[in-house]
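**Student:** This is the structure I want to talk about, given as structure tokens.
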Amino acid sequence: MSIRSVLVALMVALLVQVRAVAHHSRVEFNRGEMYEFEGVVVDIAWRSPHVMISVREQTADGPKDWILEGPGAGTLVHEGLLDGHVDIGDQVWAAGQRSNRRDDWLRLAGIMASDGPELVFAGSARWSDN
């Protein structure tokens, strides 16, 4: 194998690693600043790589739709949290870190339906004794 082939292989390997790290970066989200609100679940995509929950908040300026990015479905199932803990139409409390790039996006830290358990993805419980 030539030196050139080795260098090309190393460059490709480094590029793949940089892309993977960039995907899992949390730089986009305001660290330490939690935004909490109450709203109604309008859509759920329970899948990997991230569970996505859309919640409509009623604000003084009218409705605001948020996209809440949670961990992957596989991670949640491993932790004992199953699809159905939060359903479309549920009134929920949600908390997360706001995106610096997308004004309707949160990295989900926790969510709780009015009749269900509080699901905590980052930090500690906010609305229950869980």
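Chains: A, B, ... in order of the structure tokens. Residues: from 1 per chain. Ligands: from 1, in order shown.
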Write out as number ranges by chain which residues come within 6 Å of region 55-65 of chain A when counting only C-alpha atoms, dropping same-chain ones fewer than 6 positions away.
**Tutor:** A: 39-42
**Student:** Name the closest residue to Asp87 (chain A) among the candidates A:Ser2, A:Leu68, A:Met34, A:Ser54; distances are taken between atoms, counting only C-alpha atoms.
**Tutor:**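 The closest residue to Asp87 (chain A) is A:Ser54.
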**Student:** Quote the spacing between CA of Asp115 (chain A) and CA of Arg47 (chain A) in Å to one decimal place.
**Tutor:** 23.2 Å
